[in-house]
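To start, the structure itself, in structure tokens.
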Protein chains: 2
Amino acid sequence: MNLKISGIGYYLPEYIETSEELAPKINKSIDWINTLTGVVERRVSDIDVDLMGAKASKLALKDEVPDLILNASGVGKQVIPDTSVFIQKELGFKGIPSFTVHSTCLSFLVALHTAANFISQGSYKKILIVSADRGTRGRNFNEPESAALLGDAAAAILVEKALDNEGSSMLDFTMNTYPEGSHLTEVRGGGTNLHPHDEETNFADNLFSMNGPMIYKMARKTVYNQIQIDLKNNNLKVDDINLVIPHQASGLAIKAYSKYGGFKEDKVMNILAKTGNCVAASLPLALAIAYEENRIKRGDLIYFIGTGAGLSVASCLLRY
Amino acid sequence: MNLKISGIGYYLPEYIETSEELAPKINKSIDWINTLTGVVERRVSDIDVDLMGAKASKLALKDEVPDLILNASGVGKQVIPDTSVFIQKELGFKGIPSFTVHSTCLSFLVALHTAANFISQGSYKKILIVSADRGTRGRNFNEPESAALLGDAAAAILVEKALDNEGSSMLDFTMNTYPEGSHLTEVRGGGTNLHPHDEETNFADNLFSMNGPMIYKMARKTVYNQIQIDLKNNNLKVDDINLVIPHQASGLAIKAYSKYGGFKEDKVMNILAKTGNCVAASLPLALAIAYEENRIKRGDLIYFIGTGAGLSVASCLLRY
């Protein structure tokens with residue numbers, strides 16, 4: 001499907017929380033944090049997701065006005081309305097159709113695929129996709145691994161139709177959801193099940209919970225198989241991919257793409273040490289930083305891949 | 001866009017709460033409830049949204065297996081994973097891509113439009129769209145009007161490509177979001193803004209809040225204009241529409257489609273008295289009941305229209 005990314009922006013909160021600062025909160029050593037999670041520092045935001053998303057969006061939009069705003073974040077500002085409304089409000093627009101696409105850490109990829117369908121069909125012409133997450137709001141300091149992994153960030157892209165000679169397109173998109181892993185990554189509260197007012201809702205239900213080792217065990221083989229299928233279906237070899245942009249789930253997960261996936265380490269974006277796992281914002285943030293560092297140019301083949309709560313696995317081949 | 005609804009199902013919880021039962025809880029008379037809101041009885045569910053959605057889905061699917069599951073509900077089961085995962089789990093499937101499309105009461109229409117794009121592009125072949133809402137979980141008995149309006153329900157449809165001679169298609173879809181109305185319909189809690197653990201989060205922040213009169217004032221003119229634009233753009237007269245299926249926002253809102261919109265009252269689906277405002281489930285529930293009552297047949301022109309938190313207005317013309 002014809003699709004061109006015509007604008008990219010990101011926002012990182014100013015405040016840097018080092019592992020030194022975090023260590024006493026989770027009762028672990030600096031070395032434990034840095035080695036086990038791969039996250040050396042993470043950002044902590046004092047502004048909410050709508051404002052974070054709007055800051056990234058302004059950089060992606062420049063002077064453009066989108067005809068659709070897709071919020072593709074992991075956790076919303078509030079239960080209703082959905083966060084896209086508040087992002088539009090912060091951008092000072094009105095009347096632009098806005099809604100949310102949600103599949104936790106994979107929200108950005110799902111929104112990108114949805115946008116490609118919209119653009120190819122002519123349903124919309126310029127789509128703003130925004131991922132803004134403030135995972136530090138949901139950290140459970142009694143669960144040291146996930147508490148050390150999470151960081152805050154926002155990133156946004158503008159997509160539109162490519163001109164005939166540009167060749168930008170989405171070559172492939174695949175997603176699979178395995179509900180047997182639904183309890184491996186959760187915030188159990190905040191909805192109709194464990195409502196904040198329910199007596200049985202406990203403190204941890206309103207916080208992020210993750211079973212890292214089990215996810216890794218369940219995901220590794222599935223992700224490995226997905227890579228082989230994607231390469232085969234598109235007649236590609238590992239070396240044809242210019243850049244792999246994985247979800248920044250954990251140090252171990254990112255390293256697996258080179259260790260088992262066959263990609264050279266310098267071709268796999270790894271921004272985890274300085275930003276942590278930014279939930280849905282990780283994928284577009286890694287894209288934005290790759291763009292800023294001149295690691296991608298028009299015509300490059302980018303391979304997005306990742307896992308998300310569900311457990312879902314998704315991958316996307318993009319001719320940039 | 002080529003699109004055929006090939007399966008429809010709904011689930012209404014067994015328990016019926018009459019206005020007589022509700023009246024003392026909200027300190028209003030039965031007559032006040034029935035006259036002001038138009039809701040005489042509403043269902044209250046003791047099972048959660050995923051199970052409700054799965055019950056409706058089984059009726060829509062019969063023996064079919066979808067290749068995409070779209071949750072299009074107003075409020076999720078929990079913050080993460082998104083509810084589509086839990087619906088797939090209840091259906092006993094695995095590996096089917098699943099995600100959520102969220103724009104509160106308009107989620108179903110947005111999902112239907114998204115599905116039409118996917119089907120037309122060939123991205124997916126059989127898409128299950130599920131709207132399941134348990135609005136009674138968020139009722140604020142200190143806000144009598146919205147507490148009397150809300151009811152629980154789930155509805156689901158299966159969509160796929162129409163055969164050439166069937167003519168089923170989506171003729172038009174329009175959505176506009178006006179963030180100036182973002183505070184008119186809210187559940188302010190449950191996200192990153194007013195987290196359940198925040199001291200400043202109060203009891204009402206975790207409950208549904210609605211300014212009915214202001215929404216009506218803001219929406220009436222916008223909705224009226226939208227109807228005129230849709231008719232004009234598609235060269236249609238009011239009488240060409242076989243059935244209007246509006247979001248069941250309130251008695252006043254539904255009556256406005258005949259009073260101001262120009263549609264004959266018997267051509268406007270009104271199920272409000274017996275089911276209330278079921279948030280995102282209202283639109284597909286009204287469709288499912290119209291289908292059950294033989295009020296729609298292949299080739300009919302159906303006009304969906306409604307407002308949702310945002311404030312958003314959306315409309316959709318469907319050749320059934």
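FYI, nothing fancy with the structure tokens labels: chains A, B, ... in order, residues from 1 per chain, ligands from 1 as they appear.
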
Legend entry - Residue neighbourhood Gly276 of chain B, 12 Å, only C-alpha atoms, exclusion window fewer than 2 positions, as a PyMOL selection string: chain B and resi 12+16-19+33-34+37-44+133-136+145-153+247-251+254+270-274+278-283+285-286

Inset, instruction - Find the residues of chain B in contact range of chain A, meaning any atom within 8 Å when counting only C-alpha atoms, and list them as a PyMOL selection string. - result: chain B and resi 48-49+74-82+85-86+88-89+94-104+114+117-118+120-121+123+134+137-138+175-180+182+185-197+203+206+309-310+312

Inset, instruction - DSSP on the backbone, then: every residue of segment 40-227 of chain B marked strand (DSSP E or B), written as an NGL selection string. - result: :B and (41-43 or 68-71 or 80 or 98-102 or 126-134 or 150 or 152-160 or 169-177 or 185-187 or 189 or 194 or 209-210)

Can you spit out the residues from that selection as a CSV table (one decimal), in the first residue's frame, using C-alpha atoms?
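Final file, again.csv:
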chain,number,residue,atom,x,y,z
B,41,GLU,CA,-36.2,0.1,31.9
B,42,ARG,CA,-32.6,-0.8,31.4
B,43,ARG,CA,-30.5,-4.0,31.7
B,68,LEU,CA,-9.6,-9.8,12.7
B,69,ILE,CA,-11.4,-9.0,15.9
B,70,LEU,CA,-12.2,-5.3,16.5
B,71,ASN,CA,-13.3,-4.3,19.9
B,80,ILE,CA,-4.3,-3.1,29.4
B,98,SER,CA,-7.2,-8.2,17.7
B,99,PHE,CA,-7.2,-4.5,18.7
B,100,THR,CA,-9.5,-1.8,19.9
B,101,VAL,CA,-11.0,1.2,18.1
B,102,HIS,CA,-12.2,3.8,20.6
B,126,LYS,CA,-13.9,-11.5,7.7
B,127,ILE,CA,-13.9,-8.9,10.5
B,128,LEU,CA,-15.7,-9.3,13.7
B,129,ILE,CA,-16.8,-6.0,15.3
B,130,VAL,CA,-17.9,-6.1,18.9
B,131,SER,CA,-19.3,-3.4,21.1
B,132,ALA,CA,-19.9,-4.3,24.7
B,133,ASP,CA,-20.6,-1.8,27.3
B,134,ARG,CA,-21.5,-2.0,31.0
B,150,LEU,CA,-27.3,4.2,31.1
B,152,ASP,CA,-25.8,-2.5,29.6
B,153,ALA,CA,-25.7,-4.4,26.3
B,154,ALA,CA,-23.4,-6.0,23.7
B,155,ALA,CA,-23.8,-6.4,20.0
B,156,ALA,CA,-21.5,-7.8,17.3
B,157,ILE,CA,-21.4,-8.0,13.5
B,158,LEU,CA,-19.4,-9.9,11.0
B,159,VAL,CA,-18.4,-8.0,7.9
B,160,GLU,CA,-16.9,-9.2,4.6
B,169,SER,CA,-21.5,-1.2,0.3
B,170,MET,CA,-20.6,1.7,2.5
B,171,LEU,CA,-21.5,4.7,0.5
B,172,ASP,CA,-20.3,7.4,2.8
B,173,PHE,CA,-18.8,8.0,6.2
B,174,THR,CA,-18.2,11.4,7.9
B,175,MET,CA,-16.8,12.2,11.3
B,176,ASN,CA,-16.0,15.5,13.0
B,177,THR,CA,-14.5,16.1,16.4
B,185,THR,CA,-19.2,13.7,28.5
B,186,GLU,CA,-16.5,12.3,30.7
B,187,VAL,CA,-15.1,9.7,32.9
B,189,GLY,CA,-10.4,9.0,36.1
B,194,LEU,CA,-6.5,11.4,37.6
B,209,SER,CA,-20.5,12.5,33.9
B,210,MET,CA,-22.7,14.2,31.3

Legend entry - Distance query Lys297 of chain B at most 10 Å, only C-alpha atoms, self and fewer than 5 positions along chain excluded, as a VMD selection string: chain B and resid 242 290 to 291 302 319 to 320

Legend entry - Point-to-point distance in Å for atom CA of Glu200 of chain B and atom CA of Glu143 of chain B: 20.2 Å
